[in-house]
Amino acid sequence: MFTRKHFLCLMIWIHLLAGTVQGQRIVTGAERMDQYLPLLTNKRVALLVNQTSVVAGRNLVDTLLKRGVHIVKIFSPEHGFRGMASAGEQVHNSTDSVIGLPVISLYGEGHYKPSAADLQDVDILVYDIQDVGVRFYTYISSLQYLMEAAAEHHLPLLVLDRPNPNGFYVDGPVLDTAFRSFVGMQPIPIVYGMTVGEYARMLNGEGWLAHHDTCALTVIPCLHYTHDSLYQLPVPPSPNLRTMNAVYLYPSLCLFEGTVISVGRGTDHPFEVFGHPNFPHRDFQFTPQSRPGAMHPLYENQICYGFSLIQSPEKTLKQINHHLQLKWLIQAYTLYPDRSHFFNAYFPKLAGNAQLQKQIMEGMSEKAIQQSWKPALDQFLKIRAKYLLYP
């Protein structure tokens, strides 16, 4: 008998062929140089890029310089141009020691948007960063600010699209705009199922930029990508998302960052474990320690008792089954001895509303909470459909 279990196994096997579609390798926008190099000819170019901006194993900046492109500066997002800064750590302006170009941080000292001074010697802007398709992952916030700067200063913007590793589903609460912040700027769900190119089109098309501006946007799409593809990231997108398993768990586990629970920053398995020093003692434990990319993590040098989700990406895909998971958050809330201090002020920003915290505290089931998201999700899906570039 062909059971549901057999069906899920078959679907996982199909998705694991994500690097190809009908035998064809997924080609990123950055690789399609014949499509965009003519747009950069004789132009002064500024790029918003980081360590994920690779073409054939080389950083895009190096590749373009070798092609004779006149790059005048680099803008960098959270974690910096080389991707080594800890989450939330301010990144300062610098000169890159390898290529000798100025690097302007868009994640430091309140400087999120390029200024007029930053852009006075620029003719065209390029965005090429590997995103993970989660609302509170800040690379799309940096994209929005770059688009706003492009609109204000009448500069064209070129987005080199990349696959979304969580692009195969849409789920979670849609952000209430009363809770806007750098970790959630627009009314989209936590998992929104769009590439950065598609999302940029939506920011323009829905009038979501400041002053309802639109920028002169060109998206270089990927080839052979679909929203059913499970794209294997060639480079970790940030210091604490090191594995595909962590990338798949991140939409669900990052909600713990708005609580007293550690998600394993400062260990070998961030976003694959969770725990707390005051949890009941269990067989699994971990001790966060300060290290590059996770300086002075929560509960540094303290033993945390908790849960391991260190497993194959295939097993995680079966567990999440195209849905944001609240079961781990509800389990941790139930176990924590002082529930009145479980959540912190950051949680509503991550959730995008005040309702989710209230629902968990009132003991609503995971299924009932997920059902409450449906009306807003249905409306978002209608908006999303207008801007998709891939089936």
# chains A, B, ... in the order shown; residues from 1 in each chain; ligands from 1
>>> residues_around(residues="region 207-221 of chain A", least_positions_apart="3", cutoff="7 Å", atoms="only C-alpha atoms", output="VMD selection string")
chain A and resid 29 144 147 to 148 150 to 151 155 to 161 197 203 to 204
>>> residues_around(residues="Pro163 (chain A)", least_positions_apart="3", cutoff="9 Å", atoms="only C-alpha atoms", output="ChimeraX atom specification")
/A:26,28,130-132,166-167,194-196,222,225-227,229-231,233
>>> residues_around(residues="Gln355 (chain A)", least_positions_apart="4", cutoff="12 Å", atoms="only C-alpha atoms", output="ChimeraX atom specification")
/A:173-176,179,347-351,359-362,364,369-370,372-373
>>> write_last_selection(atoms="all heavy atoms", output="compact mmCIF listing (two decimals), in the first residue's frame")
# COMPACT_ATOMS: atom_id res chain seq x y z
N PRO A 173 2.46 34.19 10.96
CA PRO A 173 1.64 35.39 11.06
C PRO A 173 2.14 36.48 10.13
O PRO A 173 3.34 36.69 9.99
CB PRO A 173 1.80 35.80 12.54
CG PRO A 173 3.11 35.21 12.97
CD PRO A 173 3.24 33.93 12.20
N VAL A 174 1.20 37.18 9.50
CA VAL A 174 1.54 38.34 8.68
C VAL A 174 1.79 39.53 9.61
O VAL A 174 1.03 39.76 10.56
CB VAL A 174 0.41 38.65 7.68
CG1 VAL A 174 0.65 39.98 6.96
CG2 VAL A 174 0.28 37.51 6.67
N LEU A 175 2.85 40.28 9.35
CA LEU A 175 3.23 41.37 10.24
C LEU A 175 2.15 42.44 10.32
O LEU A 175 1.64 42.91 9.29
CB LEU A 175 4.55 42.00 9.76
CG LEU A 175 5.06 43.17 10.59
CD1 LEU A 175 6.53 42.96 10.96
CD2 LEU A 175 4.91 44.49 9.85
N ASP A 176 1.80 42.81 11.54
CA ASP A 176 0.97 43.98 11.82
C ASP A 176 1.90 45.19 11.75
O ASP A 176 2.89 45.26 12.46
CB ASP A 176 0.37 43.83 13.21
CG ASP A 176 -0.45 45.03 13.67
OD1 ASP A 176 -0.34 46.10 13.05
OD2 ASP A 176 -1.17 44.91 14.68
N PHE A 179 3.99 46.98 14.37
CA PHE A 179 5.18 46.36 14.94
C PHE A 179 6.36 46.39 13.97
O PHE A 179 7.25 45.56 14.04
CB PHE A 179 4.86 44.92 15.37
CG PHE A 179 3.92 44.86 16.53
CD1 PHE A 179 2.55 44.91 16.33
CD2 PHE A 179 4.40 44.79 17.83
CE1 PHE A 179 1.68 44.87 17.41
CE2 PHE A 179 3.53 44.75 18.91
CZ PHE A 179 2.17 44.79 18.70
N PHE A 347 10.18 39.84 21.43
CA PHE A 347 9.33 38.81 20.82
C PHE A 347 8.26 39.38 19.89
O PHE A 347 8.08 38.85 18.77
CB PHE A 347 8.69 37.93 21.90
CG PHE A 347 7.97 36.75 21.33
CD1 PHE A 347 8.65 35.58 21.01
CD2 PHE A 347 6.60 36.78 21.08
CE1 PHE A 347 7.99 34.49 20.46
CE2 PHE A 347 5.93 35.70 20.52
CZ PHE A 347 6.63 34.55 20.22
N PRO A 348 7.52 40.42 20.27
CA PRO A 348 6.50 40.93 19.34
C PRO A 348 7.07 41.43 18.02
O PRO A 348 6.39 41.37 16.99
CB PRO A 348 5.84 42.07 20.14
CG PRO A 348 6.10 41.74 21.57
CD PRO A 348 7.46 41.10 21.58
N LYS A 349 8.31 41.93 18.03
CA LYS A 349 8.93 42.36 16.77
C LYS A 349 9.20 41.17 15.87
O LYS A 349 8.99 41.24 14.66
CB LYS A 349 10.23 43.12 17.05
CG LYS A 349 10.02 44.46 17.75
CD LYS A 349 11.35 45.18 17.94
CE LYS A 349 11.14 46.53 18.59
NZ LYS A 349 12.42 47.26 18.78
N LEU A 350 9.67 40.06 16.45
CA LEU A 350 9.91 38.86 15.66
C LEU A 350 8.60 38.25 15.17
O LEU A 350 8.48 37.86 14.01
CB LEU A 350 10.69 37.84 16.48
CG LEU A 350 12.14 38.19 16.82
CD1 LEU A 350 12.71 37.17 17.79
CD2 LEU A 350 13.00 38.25 15.56
N ALA A 351 7.63 38.17 16.06
CA ALA A 351 6.33 37.60 15.70
C ALA A 351 5.60 38.50 14.71
O ALA A 351 4.83 38.03 13.87
CB ALA A 351 5.49 37.39 16.94
N GLN A 359 -1.45 34.23 22.65
CA GLN A 359 -2.02 32.92 22.33
C GLN A 359 -1.27 31.80 23.05
O GLN A 359 -1.89 30.86 23.57
CB GLN A 359 -1.99 32.70 20.82
CG GLN A 359 -2.96 33.58 20.05
CD GLN A 359 -2.74 33.51 18.55
OE1 GLN A 359 -1.59 33.39 18.08
NE2 GLN A 359 -3.81 33.59 17.77
N ILE A 360 0.05 31.89 23.07
CA ILE A 360 0.84 30.86 23.75
C ILE A 360 0.61 30.90 25.25
O ILE A 360 0.43 29.86 25.90
CB ILE A 360 2.33 31.03 23.40
CG1 ILE A 360 2.56 30.71 21.92
CG2 ILE A 360 3.20 30.12 24.28
CD1 ILE A 360 3.94 31.05 21.42
N MET A 361 0.57 32.08 25.82
CA MET A 361 0.36 32.22 27.26
C MET A 361 -1.03 31.73 27.68
O MET A 361 -1.21 31.24 28.80
CB MET A 361 0.57 33.67 27.69
CG MET A 361 2.00 34.16 27.52
SD MET A 361 2.25 35.91 27.95
CE MET A 361 2.06 35.82 29.74
N GLU A 362 -1.98 31.84 26.76
CA GLU A 362 -3.35 31.38 27.06
C GLU A 362 -3.54 29.90 26.81
O GLU A 362 -4.62 29.36 27.05
CB GLU A 362 -4.35 32.18 26.24
CG GLU A 362 -4.47 33.64 26.68
CD GLU A 362 -5.42 34.44 25.80
OE1 GLU A 362 -5.81 33.93 24.73
OE2 GLU A 362 -5.77 35.57 26.20
N MET A 364 -3.30 28.16 23.86
CA MET A 364 -3.87 27.72 22.59
C MET A 364 -2.98 26.66 21.96
O MET A 364 -1.75 26.69 22.09
CB MET A 364 -4.02 28.91 21.62
CG MET A 364 -5.21 29.79 21.91
SD MET A 364 -5.40 31.14 20.69
CE MET A 364 -5.80 30.20 19.21
N ILE A 369 -3.54 28.10 16.68
CA ILE A 369 -2.79 29.33 16.36
C ILE A 369 -2.53 29.41 14.87
O ILE A 369 -2.74 30.47 14.26
CB ILE A 369 -1.46 29.37 17.15
CG1 ILE A 369 -1.73 29.43 18.67
CG2 ILE A 369 -0.63 30.57 16.73
CD1 ILE A 369 -0.49 29.29 19.52
N GLN A 370 -2.11 28.31 14.28
CA GLN A 370 -1.85 28.31 12.83
C GLN A 370 -3.12 28.65 12.05
O GLN A 370 -3.07 29.35 11.05
CB GLN A 370 -1.30 26.95 12.40
CG GLN A 370 0.12 26.68 12.91
CD GLN A 370 0.57 25.25 12.66
OE1 GLN A 370 -0.25 24.34 12.55
NE2 GLN A 370 1.87 25.05 12.59
N SER A 372 -5.44 30.59 12.95
CA SER A 372 -5.74 32.03 13.09
C SER A 372 -4.98 32.87 12.07
O SER A 372 -5.34 34.02 11.81
CB SER A 372 -5.41 32.50 14.51
OG SER A 372 -4.00 32.58 14.73
N TRP A 373 -3.92 32.32 11.48
CA TRP A 373 -3.15 33.06 10.49
C TRP A 373 -3.79 33.04 9.10
O TRP A 373 -3.42 33.86 8.24
CB TRP A 373 -1.74 32.46 10.36
CG TRP A 373 -0.93 32.42 11.61
CD1 TRP A 373 -1.07 33.22 12.71
CD2 TRP A 373 0.15 31.51 11.91
NE1 TRP A 373 -0.14 32.88 13.67
CE2 TRP A 373 0.62 31.85 13.21
CE3 TRP A 373 0.76 30.47 11.21
CZ2 TRP A 373 1.68 31.15 13.81
CZ3 TRP A 373 1.82 29.79 11.80
CH2 TRP A 373 2.27 30.13 13.09
>>> residues_around(residues="region 238-243 of chain A", least_positions_apart="5", cutoff="12 Å", atoms="only C-alpha atoms", output="number ranges by chain")
A: 50-52, 77-89, 129-132, 137-139, 165, 232-233, 248-251, 253-254, 263-273, 291-295, 297, 310-313, 316
>>> atom_distance(atom1="CA of Leu60 (chain A)", atom2="CA of Ile188 (chain A)")
29.6 Å
>>> select_by_dssp(residues="region 239-319 of chain A", states="alpha helix (DSSP H)", output="mmCIF file with N, CA, C and O atoms, in the first residue's frame")
data_model
loop_
_atom_site.group_PDB
_atom_site.id
_atom_site.type_symbol
_atom_site.label_atom_id
_atom_site.label_comp_id
_atom_site.auth_asym_id
_atom_site.auth_seq_id
_atom_site.Cartn_x
_atom_site.Cartn_y
_atom_site.Cartn_z
ATOM 1 N N MET A 244 22.356 23.360 6.122
ATOM 2 C CA MET A 244 21.017 23.412 5.558
ATOM 3 C C MET A 244 19.973 23.055 6.603
ATOM 4 O O MET A 244 18.858 23.577 6.585
ATOM 5 N N ASN A 245 20.332 22.180 7.536
ATOM 6 C CA ASN A 245 19.402 21.854 8.608
ATOM 7 C C ASN A 245 19.045 23.100 9.409
ATOM 8 O O ASN A 245 17.880 23.355 9.720
ATOM 9 N N ALA A 246 20.052 23.921 9.742
ATOM 10 C CA ALA A 246 19.802 25.151 10.482
ATOM 11 C C ALA A 246 18.965 26.127 9.658
ATOM 12 O O ALA A 246 18.085 26.816 10.198
ATOM 13 N N VAL A 247 19.207 26.193 8.354
ATOM 14 C CA VAL A 247 18.430 27.078 7.484
ATOM 15 C C VAL A 247 16.957 26.682 7.496
ATOM 16 O O VAL A 247 16.064 27.541 7.548
ATOM 17 N N TYR A 248 16.670 25.384 7.478
ATOM 18 C CA TYR A 248 15.279 24.927 7.508
ATOM 19 C C TYR A 248 14.629 25.125 8.880
ATOM 20 O O TYR A 248 13.419 25.367 8.976
ATOM 21 N N LEU A 249 15.421 25.051 9.942
ATOM 22 C CA LEU A 249 14.888 25.229 11.293
ATOM 23 C C LEU A 249 14.754 26.688 11.683
ATOM 24 O O LEU A 249 13.960 27.037 12.570
ATOM 25 N N TYR A 250 15.509 27.550 11.032
ATOM 26 C CA TYR A 250 15.616 28.948 11.436
ATOM 27 C C TYR A 250 14.267 29.671 11.542
ATOM 28 O O TYR A 250 14.037 30.403 12.516
ATOM 29 N N PRO A 251 13.335 29.530 10.580
ATOM 30 C CA PRO A 251 12.071 30.262 10.712
ATOM 31 C C PRO A 251 11.348 29.976 12.021
ATOM 32 O O PRO A 251 10.713 30.868 12.586
ATOM 33 N N SER A 252 11.434 28.746 12.511
ATOM 34 C CA SER A 252 10.753 28.358 13.741
ATOM 35 C C SER A 252 11.577 28.676 14.983
ATOM 36 O O SER A 252 11.058 29.194 15.980
ATOM 37 N N LEU A 253 12.880 28.378 14.945
ATOM 38 C CA LEU A 253 13.705 28.525 16.148
ATOM 39 C C LEU A 253 14.091 29.965 16.435
ATOM 40 O O LEU A 253 14.383 30.306 17.585
ATOM 41 N N PRO A 313 18.978 17.193 7.073
ATOM 42 C CA PRO A 313 17.979 18.113 6.521
ATOM 43 C C PRO A 313 16.716 17.393 6.053
ATOM 44 O O PRO A 313 15.614 17.934 6.174
ATOM 45 N N GLU A 314 16.877 16.169 5.564
ATOM 46 C CA GLU A 314 15.714 15.398 5.103
ATOM 47 C C GLU A 314 14.725 15.156 6.240
ATOM 48 O O GLU A 314 13.507 15.279 6.074
ATOM 49 N N LYS A 315 15.245 14.849 7.429
ATOM 50 C CA LYS A 315 14.362 14.610 8.576
ATOM 51 C C LYS A 315 13.655 15.892 8.985
ATOM 52 O O LYS A 315 12.455 15.880 9.309
ATOM 53 N N THR A 316 14.380 17.010 8.962
ATOM 54 C CA THR A 316 13.758 18.285 9.301
ATOM 55 C C THR A 316 12.673 18.652 8.311
ATOM 56 O O THR A 316 11.601 19.134 8.694
ATOM 57 N N LEU A 317 12.908 18.414 7.021
ATOM 58 C CA LEU A 317 11.888 18.708 6.025
ATOM 59 C C LEU A 317 10.605 17.915 6.285
ATOM 60 O O LEU A 317 9.500 18.424 6.107
ATOM 61 N N LYS A 318 10.759 16.661 6.709
ATOM 62 C CA LYS A 318 9.574 15.869 7.059
ATOM 63 C C LYS A 318 8.865 16.471 8.271
ATOM 64 O O LYS A 318 7.634 16.523 8.328
ATOM 65 N N GLN A 319 9.654 16.925 9.256
ATOM 66 C CA GLN A 319 9.056 17.470 10.480
ATOM 67 C C GLN A 319 8.295 18.757 10.214
ATOM 68 O O GLN A 319 7.181 18.943 10.716
#
>>> residues_around(residues="Gly100 (chain A)", least_positions_apart="2", cutoff="12 Å", atoms="only C-alpha atoms", output="list in words")
Val61, Asp62, Leu65, Ile71, Val72, Lys73, Ile74, Ser94, Thr95, Asp96, Ser97, Val98, Pro102 and Val103 of chain A
>>> residues_around(residues="region 330-342 of chain A", least_positions_apart="3", cutoff="9 Å", atoms="only C-alpha atoms", output="PyMOL selection string")
chain A and resi 258-261+274-276+278-280+306+326-327+360-361+363+365-366
>>> write_last_selection(atoms="N, CA and C atoms", output="PDB file, in the first residue's frame")
ATOM      1  N   GLY A 258      13.351  35.942  21.041  1.00  0.00           N
ATOM      2  CA  GLY A 258      12.499  36.853  21.799  1.00  0.00           C
ATOM      3  C   GLY A 258      12.088  36.275  23.138  1.00  0.00           C
ATOM      4  N   THR A 259      12.861  35.311  23.623  1.00  0.00           N
ATOM      5  CA  THR A 259      12.579  34.666  24.904  1.00  0.00           C
ATOM      6  C   THR A 259      13.883  34.520  25.689  1.00  0.00           C
ATOM      7  N   VAL A 260      13.810  33.829  26.812  1.00  0.00           N
ATOM      8  CA  VAL A 260      15.005  33.574  27.626  1.00  0.00           C
ATOM      9  C   VAL A 260      15.777  32.348  27.153  1.00  0.00           C
ATOM     10  N   ILE A 261      15.320  31.688  26.111  1.00  0.00           N
ATOM     11  CA  ILE A 261      15.903  30.421  25.668  1.00  0.00           C
ATOM     12  C   ILE A 261      17.073  30.652  24.719  1.00  0.00           C
ATOM     13  N   PHE A 274      18.209  23.957  21.361  1.00  0.00           N
ATOM     14  CA  PHE A 274      17.682  25.020  22.219  1.00  0.00           C
ATOM     15  C   PHE A 274      17.652  24.516  23.658  1.00  0.00           C
ATOM     16  N   GLY A 275      17.813  25.454  24.593  1.00  0.00           N
ATOM     17  CA  GLY A 275      17.838  25.059  25.993  1.00  0.00           C
ATOM     18  C   GLY A 275      18.045  26.243  26.919  1.00  0.00           C
ATOM     19  N   HIS A 276      18.135  25.926  28.219  1.00  0.00           N
ATOM     20  CA  HIS A 276      18.253  26.959  29.252  1.00  0.00           C
ATOM     21  C   HIS A 276      18.897  26.341  30.497  1.00  0.00           C
ATOM     22  N   ASN A 278      18.059  26.646  33.480  1.00  0.00           N
ATOM     23  CA  ASN A 278      17.052  26.276  34.475  1.00  0.00           C
ATOM     24  C   ASN A 278      16.036  25.256  33.984  1.00  0.00           C
ATOM     25  N   PHE A 279      16.248  24.726  32.788  1.00  0.00           N
ATOM     26  CA  PHE A 279      15.402  23.615  32.359  1.00  0.00           C
ATOM     27  C   PHE A 279      15.698  22.394  33.225  1.00  0.00           C
ATOM     28  N   PRO A 280      14.735  21.481  33.358  1.00  0.00           N
ATOM     29  CA  PRO A 280      15.043  20.207  34.029  1.00  0.00           C
ATOM     30  C   PRO A 280      16.245  19.540  33.373  1.00  0.00           C
ATOM     31  N   GLY A 306      18.571  20.944  27.449  1.00  0.00           N
ATOM     32  CA  GLY A 306      17.528  21.168  26.464  1.00  0.00           C
ATOM     33  C   GLY A 306      17.398  20.091  25.424  1.00  0.00           C
ATOM     34  N   LEU A 326       5.498  25.683  15.829  1.00  0.00           N
ATOM     35  CA  LEU A 326       5.410  26.310  17.145  1.00  0.00           C
ATOM     36  C   LEU A 326       5.570  25.313  18.284  1.00  0.00           C
ATOM     37  N   LYS A 327       5.642  24.025  17.954  1.00  0.00           N
ATOM     38  CA  LYS A 327       5.640  23.008  18.998  1.00  0.00           C
ATOM     39  C   LYS A 327       6.834  23.149  19.925  1.00  0.00           C
ATOM     40  N   ILE A 360       0.046  31.887  23.073  1.00  0.00           N
ATOM     41  CA  ILE A 360       0.840  30.855  23.747  1.00  0.00           C
ATOM     42  C   ILE A 360       0.605  30.905  25.247  1.00  0.00           C
ATOM     43  N   MET A 361       0.573  32.085  25.816  1.00  0.00           N
ATOM     44  CA  MET A 361       0.363  32.221  27.263  1.00  0.00           C
ATOM     45  C   MET A 361      -1.025  31.731  27.678  1.00  0.00           C
ATOM     46  N   GLY A 363      -2.495  29.226  26.319  1.00  0.00           N
ATOM     47  CA  GLY A 363      -2.556  27.777  26.152  1.00  0.00           C
ATOM     48  C   GLY A 363      -3.208  27.302  24.868  1.00  0.00           C
ATOM     49  N   SER A 365      -3.570  25.740  21.250  1.00  0.00           N
ATOM     50  CA  SER A 365      -2.808  24.687  20.591  1.00  0.00           C
ATOM     51  C   SER A 365      -2.088  25.244  19.360  1.00  0.00           C
ATOM     52  N   GLU A 366      -1.059  24.528  18.934  1.00  0.00           N
ATOM     53  CA  GLU A 366      -0.339  24.932  17.731  1.00  0.00           C
ATOM     54  C   GLU A 366      -1.288  24.999  16.540  1.00  0.00           C
TER      55      GLU A 366
END
>>> atom_distance(atom1="CA of Ile140 (chain A)", atom2="CA of Tyr127 (chain A)")
10.5 Å
>>> atom_distance(atom1="CA of Leu146 (chain A)", atom2="CA of His70 (chain A)")
19.5 Å
